[in-house]
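A quick write-up on the structure given underneath.
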Amino acid sequence: MTAITYTPPRESPLESLDMNLLVALDALLEEQSVTGAAARLRTSAPAMSRTLGRIRRVLGDPVLVRAGRNLVPTPRALELRADVHAVVQQARGLLTPHAAPDPARLARQFTLQTSDMLLAALATPLTALAQEQAPGVSLRFLPESVEDTPALRDGRVDLEIGVLDHLDPETRTESLTELRLVGAVRPGHRLATARRVTPRAFAAADHISVSRKGRRRGPIDDRLAELGLERRVPVAVPSHTVGLFLAQSSDLVCLAPAVLARHCVEALGLRTFPVPLELPPLDIGMAWHPRNDADSAHRWLRERVREAFAGLADDGRHEYRADEPTAVSGPSR
């Protein structure tokens with residue numbers, strides 16, 4: 001029987017190539033000296049000599065040859081010199097942290113997902129900041145989706161703003177502000193004329209539930225139950241804006257974030273009052289995928305969002321509190 005022998009294929013230059021060899025080759029061709037290249041790359045002359053040996057084996061060419069007391073490049077080395085230098089410079093550029101972008105030169109579309117009430121409060125200041133600082137930036141706002149989809153992970157959304165309770169574990173988050181709820185009713189509602197709305201009077205009124213998932217119960221109902229009270233919620237709507245319009249034309253109470261709802265409340269002529277329960281504030285934050293964490297343009301966007309929320313905080317300094325003497329308020333004059 002004839003023995004069959006296997007000869008492994010010869011290793012190709014690309015398979016054995018260490019990209020660090022390009023850096024060393026660039027230095028050797030520039031310096032035309034093992035000692036000079038070693039000093040340039042802060043290594044020893046023997047180590048650089050061994051690296052030159054590896055380069056010679058990969059290229060199948062001496063690269064540098066002795067001419068008297070000096071080394072001179074071979075024709076193959078001269079042919080490669082410009083390309084090697086260009087590749088090394090490009091690689092260094094890729095691995096060097098980018099400086100902050102000039103907003104005036106920034107050309108980018110950002111997609112932001114948020115609720116209708118947050119959008120009503122943020123769209124104007126964010127758009128104004130973008131137009132003033134970065135006219136090449138366009139903003140695309142999307143509503144909160146019914147399904148908790150991984151839009152940040154998939155890259156369909158650059159930034160999500162709101163109550164962040166459904167995110168992937170790796171998602172980056174930052175708290176922006178805390179918001180408190182107020183009740184809003186039409187001027188003819190019995191709670192509109194009450195000097196102070198008590199928990200019992202609050203629970204006795206019919207309510208609108210604002211939930212993008214259609215839920216009619218939440219923390220408010222749990223707090224009322226602790227007091228032995230229960231409210232009636234005959235209708236659930238997906239957004240605060242719809243709820244406030246419904247409150248304007250009915251005897252229903254709509255709860256909304258005080259600062260965000262202010263302009264809508266004033267436009268609709270509604271009366272507001274503090275919720276007479278000890279409720280934790282709504283924690284509003286922004287979320288983004290880790291791949292955008294170090295992106296300078298995305299950092300610019302996040303800074304603009306912080307600025308917009310700082311403006312909202314200034315507007316909210318006169319937010320109603322449960323301990324204020326006059327609980328019910330109408331539109332500001």
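Letters for chains follow the order of the structure tokens (A, B, ...), residue numbers begin at 1 for each chain, and ligand numbers begin at 1 in the order shown.
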Exercise for the section: Just the strand (DSSP E) stuff from range 114-278 of chain A, please, per backbone DSSP, written as a ChimeraX atom specification. Expected result: /A:114,137-143,159-162,172-179,181-185,206-210,232-237,253-257,271-274
Practice task
Quick one: everything within 8 Å of Arg216 in chain A, counting only C-alpha atoms, minus sequence neighbours fewer than 6 positions away in the same chain. Send it as a list in words.
Solution key: Ser209, Val210, Val233, Val235 and Ala236 of chain A
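Minimum atom-to-atom distances from A:Gly155, A:Gly243, A:Gly228, A:Pro62 to His289 in chain A were compared using only C-alpha atoms, and the lowest value belongs to A:Gly155.
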Handout entry: Between CA of Ala67 in chain A and CA of Asp26 in chain A - distance in Å to one decimal
Key =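 It comes out at 19.9 Å.
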Problem - Atom-to-atom span, CA of Leu25 in chain A and CA of Leu52 in chain A, Å - result: 7.6 Å
Using only C-alpha atoms, which residues sit within 8 Å of Val84 in chain A once same-chain residues fewer than 3 positions away are excluded, as a compact mmCIF listing (two decimals) with N, CA and C atoms, in the first residue's frame?
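Saved to result_39.txt:
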```txt
# COMPACT_ATOMS: atom_id res chain seq x y z
N LEU A 22 4.15 46.73 10.02
CA LEU A 22 4.03 47.90 9.14
C LEU A 22 4.61 49.14 9.79
N LEU A 25 8.32 48.73 9.69
CA LEU A 25 8.82 48.91 8.33
C LEU A 25 8.83 50.39 7.95
N ASP A 26 7.80 51.11 8.35
CA ASP A 26 7.73 52.55 8.06
C ASP A 26 8.91 53.27 8.70
N LEU A 80 7.50 50.15 -1.97
CA LEU A 80 6.51 50.04 -0.89
C LEU A 80 6.47 51.27 0.02
N ARG A 81 7.52 52.08 0.05
CA ARG A 81 7.69 53.10 1.08
C ARG A 81 6.48 54.05 1.19
N VAL A 87 -0.53 53.92 4.88
CA VAL A 87 -1.33 52.98 5.68
C VAL A 87 -1.13 53.22 7.17
N VAL A 88 0.13 53.42 7.58
CA VAL A 88 0.42 53.66 9.00
C VAL A 88 -0.22 54.95 9.48
```
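The list of residues with at least one atom within 7 Å of Thr114 in chain A, based on only C-alpha atoms and without residues fewer than 3 positions apart in the same chain, reads A:Leu118, A:Leu119, A:Leu142, A:Pro143, A:Glu144, A:Glu160, A:Ile161, A:Gly162.
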Store the residues of this selection in a file with all heavy atoms, as a compact mmCIF listing (two decimals), in the first residue's frame.
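The new file part_30.txt reads:
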```
# COMPACT_ATOMS: atom_id res chain seq x y z
N LEU A 118 -43.61 65.33 26.70
CA LEU A 118 -42.20 65.73 26.68
C LEU A 118 -41.83 66.35 25.35
O LEU A 118 -41.08 67.33 25.29
CB LEU A 118 -41.32 64.51 26.95
CG LEU A 118 -41.05 64.16 28.42
CD1 LEU A 118 -40.41 62.78 28.53
CD2 LEU A 118 -40.16 65.21 29.08
N LEU A 119 -42.38 65.81 24.27
CA LEU A 119 -42.08 66.36 22.95
C LEU A 119 -42.59 67.78 22.84
O LEU A 119 -41.91 68.66 22.29
CB LEU A 119 -42.72 65.48 21.87
CG LEU A 119 -42.56 65.95 20.43
CD1 LEU A 119 -41.09 66.12 20.09
CD2 LEU A 119 -43.23 64.97 19.48
N LEU A 142 -39.91 60.57 17.29
CA LEU A 142 -40.82 59.45 17.20
C LEU A 142 -41.60 59.32 18.50
O LEU A 142 -41.07 59.61 19.58
CB LEU A 142 -40.06 58.14 16.94
CG LEU A 142 -39.26 58.05 15.64
CD1 LEU A 142 -38.60 56.67 15.55
CD2 LEU A 142 -40.14 58.30 14.43
N PRO A 143 -42.86 58.87 18.43
CA PRO A 143 -43.63 58.67 19.66
C PRO A 143 -43.19 57.42 20.38
O PRO A 143 -42.52 56.55 19.81
CB PRO A 143 -45.07 58.53 19.14
CG PRO A 143 -44.89 57.92 17.79
CD PRO A 143 -43.64 58.53 17.23
N GLU A 144 -43.56 57.32 21.65
CA GLU A 144 -43.31 56.09 22.39
C GLU A 144 -44.09 54.96 21.72
O GLU A 144 -45.27 55.10 21.41
CB GLU A 144 -43.76 56.23 23.84
CG GLU A 144 -42.88 57.15 24.66
CD GLU A 144 -43.36 57.24 26.08
OE1 GLU A 144 -44.57 57.41 26.30
OE2 GLU A 144 -42.53 57.15 26.99
N GLU A 160 -33.49 57.97 23.63
CA GLU A 160 -34.84 57.84 24.19
C GLU A 160 -34.93 58.71 25.43
O GLU A 160 -34.03 58.70 26.29
CB GLU A 160 -35.16 56.39 24.54
CG GLU A 160 -36.56 56.21 25.09
CD GLU A 160 -36.94 54.76 25.32
OE1 GLU A 160 -36.21 53.87 24.83
OE2 GLU A 160 -37.95 54.51 26.00
N ILE A 161 -36.01 59.47 25.55
CA ILE A 161 -36.19 60.39 26.66
C ILE A 161 -37.53 60.08 27.32
O ILE A 161 -38.56 59.99 26.65
CB ILE A 161 -36.17 61.86 26.19
CG1 ILE A 161 -34.87 62.15 25.44
CG2 ILE A 161 -36.31 62.81 27.37
CD1 ILE A 161 -34.85 63.51 24.77
N GLY A 162 -37.53 59.94 28.63
CA GLY A 162 -38.78 59.67 29.34
C GLY A 162 -38.53 58.89 30.61
O GLY A 162 -37.44 58.91 31.19
```
What are the nearest atom pairs, with distances in Å to one decimal, for all residues of range 36-139 of chain A that come at most 8 Å from range 304-314 of chain A, using only C-alpha atoms, set out by chain and rising residue number as a Markdown table?
```
| residue | atom | partner | partner_atom | distance |
| --- | --- | --- | --- | --- |
| A:Ala121 | CA | A:Leu312 | CA | 7.8 |
| A:Leu122 | CA | A:Ala308 | CA | 6.5 |
| A:Pro125 | CA | A:Ala308 | CA | 5.8 |
| A:Leu126 | CA | A:Ala308 | CA | 6.2 |
| A:Leu129 | CA | A:Arg304 | CA | 7.0 |
```
Practice task
Mind checking which residues fall within 9 Å of Pro150 in chain A, counting only C-alpha atoms, ignoring those fewer than 5 positions away in the same chain, and posting them as a list in words?
Solution key: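 Neighbouring residues, sequence-local ones excluded: Gly155, Arg156, Leu167 and Asp168 of chain A.
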How about saving the chosen residues, N, CA and C atoms kept, as an mmCIF file, in the first residue's frame?
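Result file is part.cif:
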```cif
data_model
loop_
_atom_site.group_PDB
_atom_site.id
_atom_site.type_symbol
_atom_site.label_atom_id
_atom_site.label_comp_id
_atom_site.auth_asym_id
_atom_site.auth_seq_id
_atom_site.Cartn_x
_atom_site.Cartn_y
_atom_site.Cartn_z
ATOM 1 N N GLY A 155 -30.434 50.547 16.440
ATOM 2 C CA GLY A 155 -29.980 51.753 15.762
ATOM 3 C C GLY A 155 -31.101 52.558 15.132
ATOM 4 N N ARG A 156 -32.365 52.192 15.398
ATOM 5 C CA ARG A 156 -33.476 52.954 14.837
ATOM 6 C C ARG A 156 -33.758 54.220 15.633
ATOM 7 N N LEU A 167 -35.513 49.054 29.590
ATOM 8 C CA LEU A 167 -34.307 49.106 28.755
ATOM 9 C C LEU A 167 -33.489 47.827 28.868
ATOM 10 N N ASP A 168 -32.649 47.595 27.844
ATOM 11 C CA ASP A 168 -31.704 46.495 27.874
ATOM 12 C C ASP A 168 -30.627 46.776 28.920
#
```
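The shortest atom-to-atom distance to Arg291 in chain A, with only C-alpha atoms taken into account, belongs to A:Thr171 out of A:Thr171, A:Thr177, A:Gly269, A:Thr51.
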Problem - Contacts of Arg217 in chain A within 12 Å, only C-alpha atoms, excl. fewer than 2 positions in-chain, as a count of residues only - result: 22
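Closest approach to Leu164 in chain A from the set A:Thr198, A:Ser115, A:Ser44, A:Ser138 is made by A:Ser115, with distances taken over only C-alpha atoms.
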Practice task
Mind giving me the straight-line distance from CA of Pro290 in chain A to CA of Arg108 in chain A in Å, one decimal?
Solution key: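 Spanning CA of Pro290 in chain A to CA of Arg108 in chain A is a straight-line distance of 18.4 Å.
Using only C-alpha atoms, the shortest contact distance between Ala287 in chain A and any of A:Thr173, A:Ser250, A:Thr272, A:Thr193 is found at A:Thr173.
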Exercise for the section: Write out as a PyMOL selection string all residues of range 238-317 of chain A that DSSP puts in helix (DSSP H, G or I) for this structure's backbone. Expected result: chain A and resi 240-248+258-268+290-292+296-317
Exercise for the section: Rank A:His298, A:Arg271, A:His85, A:Arg76 by their smallest atom-to-atom distance to Ala27 in chain A, using only C-alpha atoms, and report the top residue only. Expected result: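 Checking each candidate against Ala27 in chain A, we get A:His85 as the closest.
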